[in-house]
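Enquirer: Pasting a structure here, questions to come.
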Amino acid sequence: MKFIALEILQDNPPEGHVDQAYRDNFFSNTSFATAEIESLEPQPCDTFDFFGNSLKEEVARYQNDHRSIGNVVVNNGVVDITMTPSRVSVVGSDNHGHINGAEPEVAAVFGEDASIYYVDSLQMASTSKLHIKGGDVALVIGGEFSMGGGGAGLVIDPDSSLMVFVEGQVKLNSNVKMPTTNTLSATGKPTFSIFSSYESNSVGIDINASNRVVANVYAPFTQVSVNSGGSLFGSVKARKVTVVGGAKVVYDELLANAFDENSGEPSPEWCSFDDLSPLTVASPVGNLSLPNSQAEFNGKDSVPDITVTQGDLERFSGANAANDNIQGGIPDGVFSRGESAEKFHAFIRMLKDNADNVLGDISKVKDPFGEKGNGKEEITYITGDVDKNNISGAGILVIDGNYNAGGNPSFDGLIIVLGNYSQKGGGGRDLNGALLVAPYNVNDLKFTEANIEFSGGGSNDFNYDEAALRTAFNLLDDEEQASWGGVVMPHPRLVMAS
């Protein structure tokens, strides 16, 4: 960026270019020149400090100091390649075991020793899977990094992370599916980071995936493209960023100090409502009857369709209404089977204290409980059972009792049921957001059994809706947000290098 000094001089007499009515304000003998404006030095594209090195210097250091494994091409014959801090193994149709010569080397990354693998290129196609487990792995790629096809793609365990330094182009296609991956690992490190030294005016990193991709992208010399309806959760800094075709980038503020050695405590597993499934059951399940009609649960490839405790997974596994996309095991944090409900109880108490409406008998209360749009969403707390058809509203609805209703319910946001849930019939309107069923005993603060029953016909759908959940989460004050998971809701953010 550079400022240009201007010089303004009298050119023509006022009669030639100024209307008669304005000539009195024109000083015909004026000659004015601006002072020379000091030019600013162009700002560097690569602003990241790799403990004294630039990005290109850091990549060159790895290449000079470490031996390459060579080109790694994963094709139809290999269905699973696993990287740990100590070894690389493969499982395929005709081979399995440890890859010879694929031992990592230990070197400093961000001031800490890390296991580093150096390859000339990494190309994964067809039904392959790259699985990172057992800790933190650094991967240096001298050429192209591509993941394509329709397999399981990239899987990073909660206690692990992958840091990629790449010189060539990066292509992440439709098999990169990370529906439940957090931006930070259980140890507080960024789960998946890409540092690209590729230099070109064209696209250097192409995220072409209609899925939720979690990544932190640093590409100061090239263009990053997020397209084809993909959702990138994390951060982006690039020479140019394009987001097209229904795609989006959601910035997680937890990453602001993620590369700092004093980044603080690890992130809790659940830090906002957008991690909830359309149906999430935090309590053990008693009686269970799932829809046998057209109704369905739809996580929209962003979250599991249904999330239940690990002990109840098999009971839900045949739920056609969930397309078998069911997660067993509530993440550690506010919920988990066998854990006390103390933290959840504190959150519920704050919701009640700060609710827009606290209601008892709602049989004569006319809903909706909040309205979608224009800031009309509300927090409504009902202190008792609900036996009322056609419930509707938007925001957060807490039912401190049993829900035993039907008709055509419709809600945008989060419904929390602290008792049994029974839906009778209904159709034509949907829940867009999440339904959380989590009864607990207020005396010993333990999660108690929940009965989940759907009966009769009907076509009510339960749809994941990130926007509705974000709106609901933003109804909370700072204390309530911290009580839920310790952070505020991520805000969309794009950062472009100069």
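Labels for the structure tokens follow display order: chains A, B, ..., residues from 1 in each chain, ligands from 1.
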Pick out each residue of segment 226-445 of chain A that DSSP on the backbone tags as strand (DSSP E or B); I need them as an NGL selection string.
Expert: :A and (226-227 or 231-243 or 248-251 or 279-281 or 285-289 or 297-298 or 306-308 or 326-328 or 340 or 357-359 or 369 or 378-382 or 386 or 392-399 or 403-406 or 410-417 or 421-424 or 431-437 or 440-441)
Enquirer: Between A:Leu184, A:Leu162, A:Leu445, A:Val303, which is the closest to Glu342 of chain A once you count only C-alpha atoms?
Expert: A:Leu445
Enquirer: With 10 Å as the cut-off and only C-alpha atoms counted, what is the closest atom pair between each nearby residue of segment 395-464 of chain A and segment 355-370 of chain A? Distances in Å to one decimal, ordered by chain and number, as JSON lines.
Expert:
{"residue": "A:Gly395", "atom": "CA", "partner": "A:Gly370", "partner_atom": "CA", "distance": 6.3}
{"residue": "A:Ile396", "atom": "CA", "partner": "A:Gly370", "partner_atom": "CA", "distance": 8.5}
{"residue": "A:Leu397", "atom": "CA", "partner": "A:Phe369", "partner_atom": "CA", "distance": 7.6}
{"residue": "A:Val398", "atom": "CA", "partner": "A:Val358", "partner_atom": "CA", "distance": 9.5}
{"residue": "A:Ile399", "atom": "CA", "partner": "A:Leu359", "partner_atom": "CA", "distance": 9.7}
{"residue": "A:Asp400", "atom": "CA", "partner": "A:Gly360", "partner_atom": "CA", "distance": 9.8}
{"residue": "A:Ser410", "atom": "CA", "partner": "A:Pro368", "partner_atom": "CA", "distance": 9.2}
{"residue": "A:Phe411", "atom": "CA", "partner": "A:Phe369", "partner_atom": "CA", "distance": 8.8}
{"residue": "A:Asp412", "atom": "CA", "partner": "A:Gly370", "partner_atom": "CA", "distance": 9.3}
Enquirer: With C-alpha atoms retained, export the selected residues as a short mmCIF file (atom, residue, chain, number, x, y, z; two decimals), in the first residue's frame.
Expert:
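Generated output (again_5.cif):
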data_model
loop_
_atom_site.label_atom_id
_atom_site.label_comp_id
_atom_site.auth_asym_id
_atom_site.auth_seq_id
_atom_site.Cartn_x
_atom_site.Cartn_y
_atom_site.Cartn_z
CA GLY A 395 -35.37 -18.80 21.12
CA ILE A 396 -34.97 -21.06 24.17
CA LEU A 397 -37.84 -23.00 25.73
CA VAL A 398 -37.24 -24.83 29.03
CA ILE A 399 -39.88 -27.29 30.23
CA ASP A 400 -39.22 -28.12 33.88
CA SER A 410 -43.05 -25.59 15.57
CA PHE A 411 -39.98 -24.02 17.14
CA ASP A 412 -36.75 -22.33 16.00
#
Enquirer: Could you write out, as a ChimeraX atom specification, all the residues of segment 348-400 of chain A that DSSP marks as alpha helix (DSSP H)?
Expert: /A:348-354
Enquirer: Report, in Å with one decimal, the straight-line distance from atom CA of His131 of chain A to atom CA of Thr191 of chain A.
Expert: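 We find that atom CA of His131 of chain A and atom CA of Thr191 of chain A lie 12.6 Å from each other.
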Enquirer: Between atom CA of Ser422 of chain A and atom CA of Asp385 of chain A, what is the spacing in Å?
Expert: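 Taking atom CA of Asp385 of chain A and atom CA of Ser422 of chain A, their separation equals 11.3 Å.
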Enquirer: From the options A:Gly413, A:Gly148, A:Gly234, A:Pro284, which residue's atoms come nearest to Phe473 of chain A, counting only C-alpha atoms?
Expert: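 Among A:Gly413, A:Gly148, A:Gly234, A:Pro284, it is A:Gly413 that comes nearest to Phe473 of chain A.
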Enquirer: Skipping near chain neighbours, those fewer than 4 positions away, what residues fall within 9 Å of Gly168 of chain A using only C-alpha atoms, listed as a list in words?
Expert: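 Selected residues are Ser121, Ile141, Gly142, Gly143, Glu144, Phe145, Ser196, Ser197, Tyr198, Glu199 and Gly204 of chain A.
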Enquirer: Of the candidates A:Gln63, A:Trp484, A:Ser160, A:Glu479, which one gets nearest to Phe192 of chain A if we count only C-alpha atoms?
Expert: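 The shortest atom-to-atom distance to Phe192 of chain A comes from A:Ser160.
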Enquirer: Residues at most 7 Å from Val386 of chain A, counting only C-alpha atoms, excluding those fewer than 2 positions away in the same chain, as JSON, numbers by chain?
Expert: {"A": [384, 388, 402, 403, 404, 405]}
Enquirer: Take the residues from that selection and put them in a file with N, CA and C atoms, as a compact mmCIF listing (two decimals), in the first residue's frame.
Expert:
# COMPACT_ATOMS: atom_id res chain seq x y z
N GLY A 384 -43.44 -26.69 35.03
CA GLY A 384 -44.41 -27.77 35.16
C GLY A 384 -44.56 -28.53 33.86
N LYS A 388 -50.14 -29.67 25.85
CA LYS A 388 -50.76 -28.66 25.01
C LYS A 388 -50.31 -28.89 23.57
N ASN A 402 -42.64 -32.76 32.37
CA ASN A 402 -42.82 -33.66 31.24
C ASN A 402 -43.45 -32.92 30.07
N TYR A 403 -43.02 -33.30 28.87
CA TYR A 403 -43.64 -32.77 27.65
C TYR A 403 -44.50 -33.88 27.08
N ASN A 404 -45.81 -33.65 27.06
CA ASN A 404 -46.75 -34.66 26.59
C ASN A 404 -47.77 -33.96 25.70
N ALA A 405 -47.40 -33.75 24.45
CA ALA A 405 -48.21 -32.90 23.59
C ALA A 405 -48.23 -33.47 22.18
Enquirer: What lies within 12 Å of Ala108 of chain A using only C-alpha atoms, ignoring chain neighbours under 3 positions off, as number ranges by chain?
Expert: A: 50-51, 58, 61-62, 65, 105, 111-116, 138
Enquirer: Between A:Gly245, A:Gly70, A:Gly153, A:Pro439, which residue has the minimum interatomic distance to Leu122 of chain A, considering only C-alpha atoms?
Expert: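 For Leu122 of chain A, the nearest of the candidates is A:Gly70.
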